[in-house]
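Pasting upload29.txt here (compact mmCIF, C-alpha atoms):
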```
# COMPACT_ATOMS: atom_id res chain seq x y z
CA MET A 16 20.12 -59.48 -43.75
CA LEU A 17 18.11 -57.50 -41.18
CA PHE A 18 19.62 -54.55 -39.32
CA ARG A 19 19.89 -56.59 -36.11
CA ASP A 20 21.92 -59.29 -37.84
CA ARG A 21 24.17 -56.73 -39.52
CA ILE A 22 24.86 -55.02 -36.20
CA ARG A 23 25.57 -58.28 -34.41
CA ALA A 24 27.95 -59.45 -37.12
CA ALA A 25 30.05 -56.29 -36.97
CA TYR A 26 29.63 -55.24 -33.33
CA GLU A 27 32.96 -56.54 -32.08
CA HIS A 28 34.79 -54.23 -34.51
CA PHE A 29 32.79 -51.09 -33.71
CA SER A 30 34.27 -48.04 -32.02
CA ASN A 31 32.70 -46.82 -28.78
CA SER A 32 30.59 -44.23 -30.63
CA TYR A 33 29.37 -46.85 -33.11
CA ARG A 34 28.47 -49.19 -30.24
CA LYS A 35 26.48 -46.36 -28.69
CA VAL A 36 24.43 -46.06 -31.87
CA ALA A 37 24.17 -49.85 -32.22
CA ASP A 38 22.83 -50.35 -28.70
CA PHE A 39 20.27 -47.61 -29.23
CA LEU A 40 18.98 -49.18 -32.44
CA LEU A 41 18.83 -52.64 -30.90
CA ASP A 42 17.15 -51.70 -27.64
CA ASP A 43 15.03 -48.70 -28.63
CA TYR A 44 14.42 -49.08 -32.34
CA ARG A 45 10.85 -47.78 -31.92
CA THR A 46 12.26 -44.38 -31.03
CA ALA A 47 15.06 -44.52 -33.58
CA ALA A 48 12.63 -45.37 -36.38
CA PHE A 49 11.07 -41.90 -36.25
CA LEU A 50 14.26 -39.89 -35.90
CA ASN A 51 16.49 -38.68 -38.69
CA ALA A 52 20.28 -38.91 -38.41
CA SER A 53 20.48 -35.55 -36.63
CA GLY A 54 17.78 -36.60 -34.17
CA VAL A 55 19.60 -39.82 -33.32
CA ALA A 56 22.85 -37.89 -32.94
CA GLN A 57 21.23 -35.38 -30.60
CA HIS A 58 19.59 -38.16 -28.57
CA LEU A 59 22.93 -39.95 -28.13
CA ASP A 60 25.15 -36.88 -27.97
CA VAL A 61 27.25 -37.95 -30.93
CA ASP A 62 28.16 -36.27 -34.21
CA PRO A 63 25.51 -36.62 -36.98
CA ALA A 64 28.24 -37.79 -39.34
CA THR A 65 28.83 -40.73 -36.99
CA VAL A 66 25.23 -41.88 -37.43
CA VAL A 67 25.47 -41.62 -41.21
CA ARG A 68 28.79 -43.46 -41.35
CA PHE A 69 27.38 -46.11 -39.01
CA ALA A 70 24.53 -46.82 -41.44
CA GLN A 71 26.98 -47.01 -44.31
CA ARG A 72 29.23 -49.30 -42.28
CA LEU A 73 26.26 -51.70 -42.11
CA GLY A 74 25.88 -51.60 -45.89
CA TYR A 75 23.07 -49.06 -46.27
CA PRO A 76 23.44 -46.11 -48.69
CA GLY A 77 22.64 -43.79 -45.78
CA TYR A 78 20.64 -43.50 -42.58
CA PRO A 79 17.22 -43.00 -44.29
CA GLU A 80 17.42 -46.52 -45.72
CA LEU A 81 18.26 -47.91 -42.29
CA ALA A 82 15.39 -45.91 -40.77
CA ASP A 83 13.02 -47.40 -43.37
CA GLU A 84 13.85 -50.87 -42.10
CA LEU A 85 13.34 -49.76 -38.50
CA GLN A 86 9.91 -48.39 -39.39
CA ILE A 87 8.95 -51.67 -41.01
CA ALA A 88 9.83 -53.49 -37.78
CA VAL A 89 7.70 -51.04 -35.77
CA ARG A 90 4.71 -51.38 -38.09
CA GLN A 91 4.90 -55.16 -37.87
CA GLU A 92 4.97 -55.04 -34.09
CA LEU A 93 2.03 -52.64 -33.94
CA ALA A 94 0.10 -54.93 -36.26
CA ALA A 95 0.56 -57.70 -33.71
CA ALA A 96 -1.48 -55.51 -31.33
CA PHE A 97 0.70 -55.61 -28.25
CA ALA A 98 -1.08 -53.43 -25.75
CA PRO A 99 1.06 -51.21 -23.47
CA ALA A 100 1.42 -52.19 -19.84
CA GLN A 101 -1.14 -50.67 -17.48
CA THR A 102 -0.29 -48.86 -14.28
CA VAL A 103 -1.29 -50.86 -11.21
CA ASP A 104 -1.00 -50.08 -7.52
CA THR A 105 -2.14 -53.23 -5.67
CA ASN A 106 -0.40 -56.54 -5.06
CA VAL A 107 -3.02 -58.46 -7.00
CA GLY A 108 -2.92 -55.88 -9.77
CA ILE A 109 0.86 -56.18 -10.06
CA ALA A 110 0.65 -59.97 -10.23
CA ARG A 111 -2.09 -59.83 -12.87
CA GLU A 112 -0.16 -57.27 -14.90
CA PHE A 113 2.98 -59.40 -14.81
CA LEU A 114 1.04 -62.43 -16.04
CA ARG A 115 -0.50 -60.38 -18.84
CA SER A 116 2.90 -59.00 -19.79
CA ALA A 117 4.53 -62.45 -19.65
CA GLY A 118 1.84 -63.84 -21.91
CA GLU A 119 2.50 -61.11 -24.46
CA ASP A 120 6.24 -61.68 -24.23
CA ILE A 121 5.75 -65.36 -25.02
CA GLN A 122 3.76 -64.34 -28.09
CA ARG A 123 6.55 -61.96 -29.03
CA ILE A 124 8.95 -64.92 -29.18
CA LEU A 125 7.08 -66.04 -32.29
CA PHE A 126 7.08 -62.55 -33.75
CA HIS A 127 10.75 -61.80 -33.20
CA ASN A 128 12.13 -65.23 -34.13
CA ASP A 129 11.70 -66.38 -37.69
CA THR A 130 10.51 -69.96 -38.21
CA SER A 131 13.93 -70.80 -39.64
CA ILE A 132 15.55 -69.93 -36.29
CA LEU A 133 13.37 -72.40 -34.37
CA GLU A 134 13.94 -75.02 -37.07
CA ASP A 135 17.68 -74.48 -36.79
CA VAL A 136 17.81 -75.02 -33.04
CA LEU A 137 15.48 -78.05 -33.18
CA ASN A 138 17.51 -79.66 -35.96
CA GLY A 139 20.65 -78.87 -34.03
CA ILE A 140 19.35 -80.63 -30.91
CA LEU A 141 18.16 -83.67 -32.86
CA SER A 142 21.36 -84.12 -34.87
CA ALA A 143 23.94 -83.31 -32.16
CA ARG A 144 25.92 -85.98 -30.39
CA ARG A 145 25.55 -84.03 -27.16
CA VAL A 146 23.78 -80.82 -26.14
CA TYR A 147 25.43 -78.56 -23.56
CA LEU A 148 23.02 -76.22 -21.76
CA ILE A 149 24.87 -73.25 -20.28
CA GLY A 150 23.49 -70.94 -17.63
CA GLU A 151 24.51 -68.93 -14.62
CA GLY A 152 22.78 -67.94 -11.41
CA MET A 153 19.08 -68.78 -11.42
CA ALA A 154 19.29 -69.44 -15.15
CA SER A 155 21.37 -72.53 -14.30
CA ARG A 156 18.30 -74.05 -12.66
CA ILE A 157 16.32 -73.48 -15.84
CA MET A 158 19.00 -75.26 -17.84
CA GLU A 159 18.92 -78.19 -15.42
CA ILE A 160 15.17 -78.52 -16.01
CA GLY A 161 15.72 -78.19 -19.74
CA ALA A 162 18.33 -80.95 -19.65
CA VAL A 163 15.90 -83.30 -17.88
CA GLN A 164 13.13 -82.50 -20.36
CA LEU A 165 15.40 -83.28 -23.30
CA ALA A 166 16.91 -86.36 -21.65
CA VAL A 167 13.46 -87.95 -21.32
CA SER A 168 13.29 -87.85 -25.12
CA GLY A 169 16.63 -89.61 -25.42
CA ILE A 170 18.75 -86.49 -25.98
CA ASP A 171 22.17 -86.46 -24.33
CA ALA A 172 21.70 -83.05 -22.72
CA ARG A 173 24.06 -81.83 -20.00
CA PRO A 174 23.78 -78.64 -17.95
CA VAL A 175 26.95 -76.59 -17.57
CA SER A 176 27.17 -74.17 -14.67
CA GLY A 177 29.32 -73.04 -11.78
CA GLY A 178 32.77 -71.48 -11.91
CA ARG A 179 35.42 -71.96 -14.57
CA THR A 180 36.68 -75.19 -13.02
CA ASP A 181 33.21 -76.74 -12.83
CA ARG A 182 32.46 -75.71 -16.39
CA SER A 183 35.74 -77.08 -17.68
CA ILE A 184 35.01 -80.44 -16.07
CA ALA A 185 31.44 -80.50 -17.39
CA LEU A 186 32.73 -79.85 -20.91
CA LEU A 187 35.35 -82.61 -20.94
CA GLY A 188 35.09 -84.77 -24.03
CA LEU A 189 33.31 -82.23 -26.21
CA THR A 190 33.59 -82.55 -30.00
CA SER A 191 32.56 -80.47 -33.00
CA GLN A 192 29.53 -82.77 -33.30
CA ASP A 193 28.12 -81.23 -30.12
CA ILE A 194 26.12 -78.01 -29.79
CA ALA A 195 25.84 -75.46 -27.00
CA ILE A 196 22.73 -73.53 -25.94
CA GLY A 197 23.17 -70.66 -23.50
CA ILE A 198 20.79 -68.42 -21.58
CA ALA A 199 21.86 -64.80 -21.09
CA PRO A 200 18.98 -63.15 -19.21
CA TYR A 201 20.98 -60.00 -18.46
CA THR A 202 21.91 -57.16 -20.81
CA VAL A 203 25.28 -56.63 -19.15
CA ALA A 204 28.35 -58.82 -19.65
CA THR A 205 27.92 -62.26 -18.14
CA GLU A 206 30.15 -65.23 -17.35
CA ILE A 207 28.72 -67.37 -20.14
CA VAL A 208 30.17 -65.03 -22.78
CA GLY A 209 33.63 -66.56 -22.38
CA THR A 210 32.21 -70.08 -22.42
CA LEU A 211 30.22 -69.47 -25.60
CA ARG A 212 33.17 -67.86 -27.33
CA THR A 213 35.47 -70.74 -26.35
CA LEU A 214 33.02 -73.38 -27.58
CA ARG A 215 32.40 -71.54 -30.82
CA GLU A 216 36.14 -71.36 -31.49
CA ALA A 217 36.32 -75.09 -30.71
CA GLY A 218 33.97 -75.75 -33.64
CA LEU A 219 30.66 -76.20 -31.82
CA ARG A 220 27.53 -74.58 -33.20
CA THR A 221 26.34 -72.18 -30.54
CA TYR A 222 22.90 -70.85 -29.72
CA VAL A 223 21.99 -68.23 -27.13
CA ILE A 224 18.66 -67.12 -25.68
CA VAL A 225 18.74 -63.41 -24.83
CA ARG A 226 16.27 -60.79 -23.67
CA SER A 227 17.84 -58.18 -25.93
CA HIS A 228 19.90 -58.28 -29.11
CA SER A 229 22.40 -55.95 -27.44
CA SER A 230 23.40 -58.68 -24.99
CA PRO A 231 27.18 -59.30 -25.20
CA ALA A 232 26.47 -63.03 -25.45
CA ALA A 233 24.66 -62.47 -28.76
CA ARG A 234 27.95 -61.61 -30.44
CA TYR A 235 29.43 -65.03 -29.75
CA ALA A 236 26.61 -67.27 -30.95
CA ASP A 237 25.84 -68.63 -34.38
CA VAL A 238 22.12 -68.30 -33.74
CA VAL A 239 20.45 -65.73 -31.46
CA ILE A 240 16.97 -66.41 -30.07
CA LEU A 241 15.11 -63.48 -28.55
CA ALA A 242 13.07 -64.14 -25.40
CA PRO A 243 11.98 -60.62 -24.36
CA GLN A 244 11.02 -59.41 -20.91
CA SER A 245 9.03 -56.21 -21.16
CA TYR A 246 7.87 -56.04 -17.53
CA ARG A 247 10.20 -53.83 -15.50
CA SER A 248 11.03 -55.21 -12.06
CA PRO A 249 14.07 -55.48 -9.76
CA LEU A 250 13.57 -59.24 -9.83
CA ALA A 251 14.67 -61.03 -13.00
CA ALA A 252 11.95 -63.09 -14.67
CA TYR A 253 12.57 -66.26 -16.65
CA SER A 254 9.06 -67.01 -17.91
CA THR A 255 9.92 -66.53 -21.59
CA HIS A 256 13.16 -68.52 -21.31
CA MET A 257 11.39 -71.41 -19.61
CA ALA A 258 8.53 -71.29 -22.10
CA LEU A 259 10.95 -71.39 -25.03
CA LEU A 260 12.96 -74.33 -23.69
CA THR A 261 9.77 -76.21 -22.82
CA ALA A 262 8.39 -75.59 -26.31
CA LEU A 263 11.55 -77.04 -27.86
CA ALA A 264 11.40 -80.06 -25.53
CA GLN A 265 7.72 -80.61 -26.30
CA ALA A 266 8.33 -80.50 -30.06
CA ILE A 267 10.97 -83.22 -29.71
CA ALA A 268 8.93 -85.28 -27.23
CA ILE A 269 5.93 -85.45 -29.57
CA GLN A 270 8.20 -86.88 -32.28
CA ARG A 271 9.55 -89.44 -29.83
CA THR A 272 6.43 -90.41 -27.90
CA GLN A 273 7.44 -94.04 -27.34
CA THR A 274 10.87 -93.06 -26.05
CA VAL A 275 9.28 -90.67 -23.59
CA LEU A 276 6.75 -93.26 -22.40
CA ASP A 277 9.51 -95.85 -21.91
CA ALA A 278 11.56 -93.36 -19.92
CA ILE A 279 8.60 -92.48 -17.70
CA LEU A 280 7.83 -96.15 -17.02
CA SER A 281 11.47 -96.87 -16.24
CA SER A 282 11.60 -93.89 -13.91
CA SER A 283 8.43 -95.08 -12.16
CA ASP A 284 9.95 -98.52 -11.57
CA LEU A 285 13.11 -96.99 -10.12
CA TRP A 286 11.04 -94.73 -7.89
CA ALA A 287 9.00 -97.68 -6.61
CA ASN A 288 12.17 -99.66 -5.81
CA MET A 289 13.75 -96.75 -3.96
CA LEU A 290 10.56 -96.28 -1.98
CA ARG A 291 10.59 -99.96 -1.02
CA PHE A 292 14.23 -99.92 0.10
CA ASP A 293 14.04 -96.53 1.76
CA GLU A 294 11.32 -97.50 4.25
CA PRO A 295 12.20 -95.81 7.55
CA GLN A 296 13.57 -98.10 10.26
CA MET A 297 12.67 -97.43 13.89
CA PRO A 298 15.83 -96.94 15.97
CA ASP A 299 16.64 -99.22 18.91
CA LEU A 300 16.13 -96.76 21.76
CA ASP A 301 17.90 -98.95 24.34
CA LYS A 302 21.10 -99.08 22.26
CA HIS A 303 20.80 -95.38 21.52
CA LEU A 304 20.61 -94.54 25.23
CA GLU A 305 23.41 -96.98 26.00
CA GLY A 306 25.62 -95.20 23.46
CA LEU A 307 24.89 -91.87 25.11
CA GLN A 308 25.85 -93.28 28.52
CA VAL A 309 29.15 -94.61 27.16
CA GLY A 310 29.87 -91.26 25.64
CA GLU A 311 29.20 -89.52 28.94
CA GLY A 312 31.49 -91.97 30.72
CA ASN A 313 34.35 -91.27 28.33
CA GLN A 314 33.79 -87.59 28.79
CA ARG A 315 34.02 -87.92 32.59
CA HIS A 316 37.19 -89.98 32.20
CA LEU A 317 38.78 -87.31 30.03
CA VAL A 318 37.85 -84.61 32.53
CA SER A 319 39.34 -86.54 35.44
```
How would this structure read if it were set down as structure tokens?
Amino acid sequence: MLFRDRIRAAYEHFSNSYRKVADFLLDDYRTAAFLNASGVAQHLDVDPATVVRFAQRLGYPGYPELADELQIAVRQELAAAFAPAQTVDTNVGIAREFLRSAGEDIQRILFHNDTSILEDVLNGILSARRVYLIGEGMASRIMEIGAVQLAVSGIDARPVSGGRTDRSIALLGLTSQDIAIGIAPYTVATEIVGTLRTLREAGLRTYVIVRSHSSPAARYADVVILAPQSYRSPLAAYSTHMALLTALAQAIAIQRTQTVLDAILSSSDLWANMLRFDEPQMPDLDKHLEGLQVGEGNQRHLVS
């Protein structure tokens, strides 16, 4: 079990000082990999013994063994040749840099998520009676698109969003044969945490797409899928989340080509019928003016 998985499995039972160390290792493991226990303690302003006991709590003999695993992760990432972001100072430069960064982040999805993780979520979607897609804020729109993409392939996919009442209604009739996939694009606590935890306790297999393993939502999912966002901006970006959901939908669509074609043809027929029946009708201007005159008359009567 990798250090990330060990931390996630035990995080809920950590003390505040242990969580401080855990968050540092999850979010800044590149720095942690080249620090000894004393260096980590000094960086986090905790006791060195806390760092050592934390490593042992995860099942390592001591911190050096944990650091070895961190260094392996760093070497693997460097081998993937992810270039650092360049400083830009023009609008076009910023846009180009974001696109470059987003492209690298999409590649990092493959690096950070083992093939078995993608197989798990795809098998889960294909075998589930129903797939609930949970999001909040702008992420809800992504889940709505994801639901449509899956539905075209014959998957009973339903977006779940809104407040607690709306979510409760959307989840009526759920069974343990269903699965839930959530998007948690923020590193702080989000509303979907409670929903994921509730569904997991109800027996559903839960998946969550996060930008960081330290996301609170990661602790209440059976499977965590990392969709990183390395570009720093005040505006949240969903390019990796959308790419991941689209990739899953494409994988299923290719296996169900005929189902997709039938759905597209059926949709085209419905669209053509709606267009035929929705032809605009020119209003009868005489009757419209007559109605206005009657209204004015009633108004004068009321005034008098």
Option closest in space to Leu263 of chain A, from A:Gly152, A:Glu206, A:Asp135, A:Ala278 [counting all atoms listed in the file]: A:Asp135
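Across the structure, atom CA of Leu41 of chain A and atom CA of Ala199 of chain A are spaced 15.9 Å apart.
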message: Report, in Å to a single decimal, how far apart atom CA of Asn31 of chain A and atom CA of Asp62 of chain A are.
response: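 It comes out at 12.7 Å.
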Among listed residues A:Asp277, A:Glu159, A:Glu27, A:Asp38, nearest Val55 of chain A (using only C-alpha atoms):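 Of all the options, A:Asp38 lies closest to Val55 of chain A.
Atom CA of Thr65 of chain A is positioned 10.3 Å from atom CA of Lys35 of chain A.
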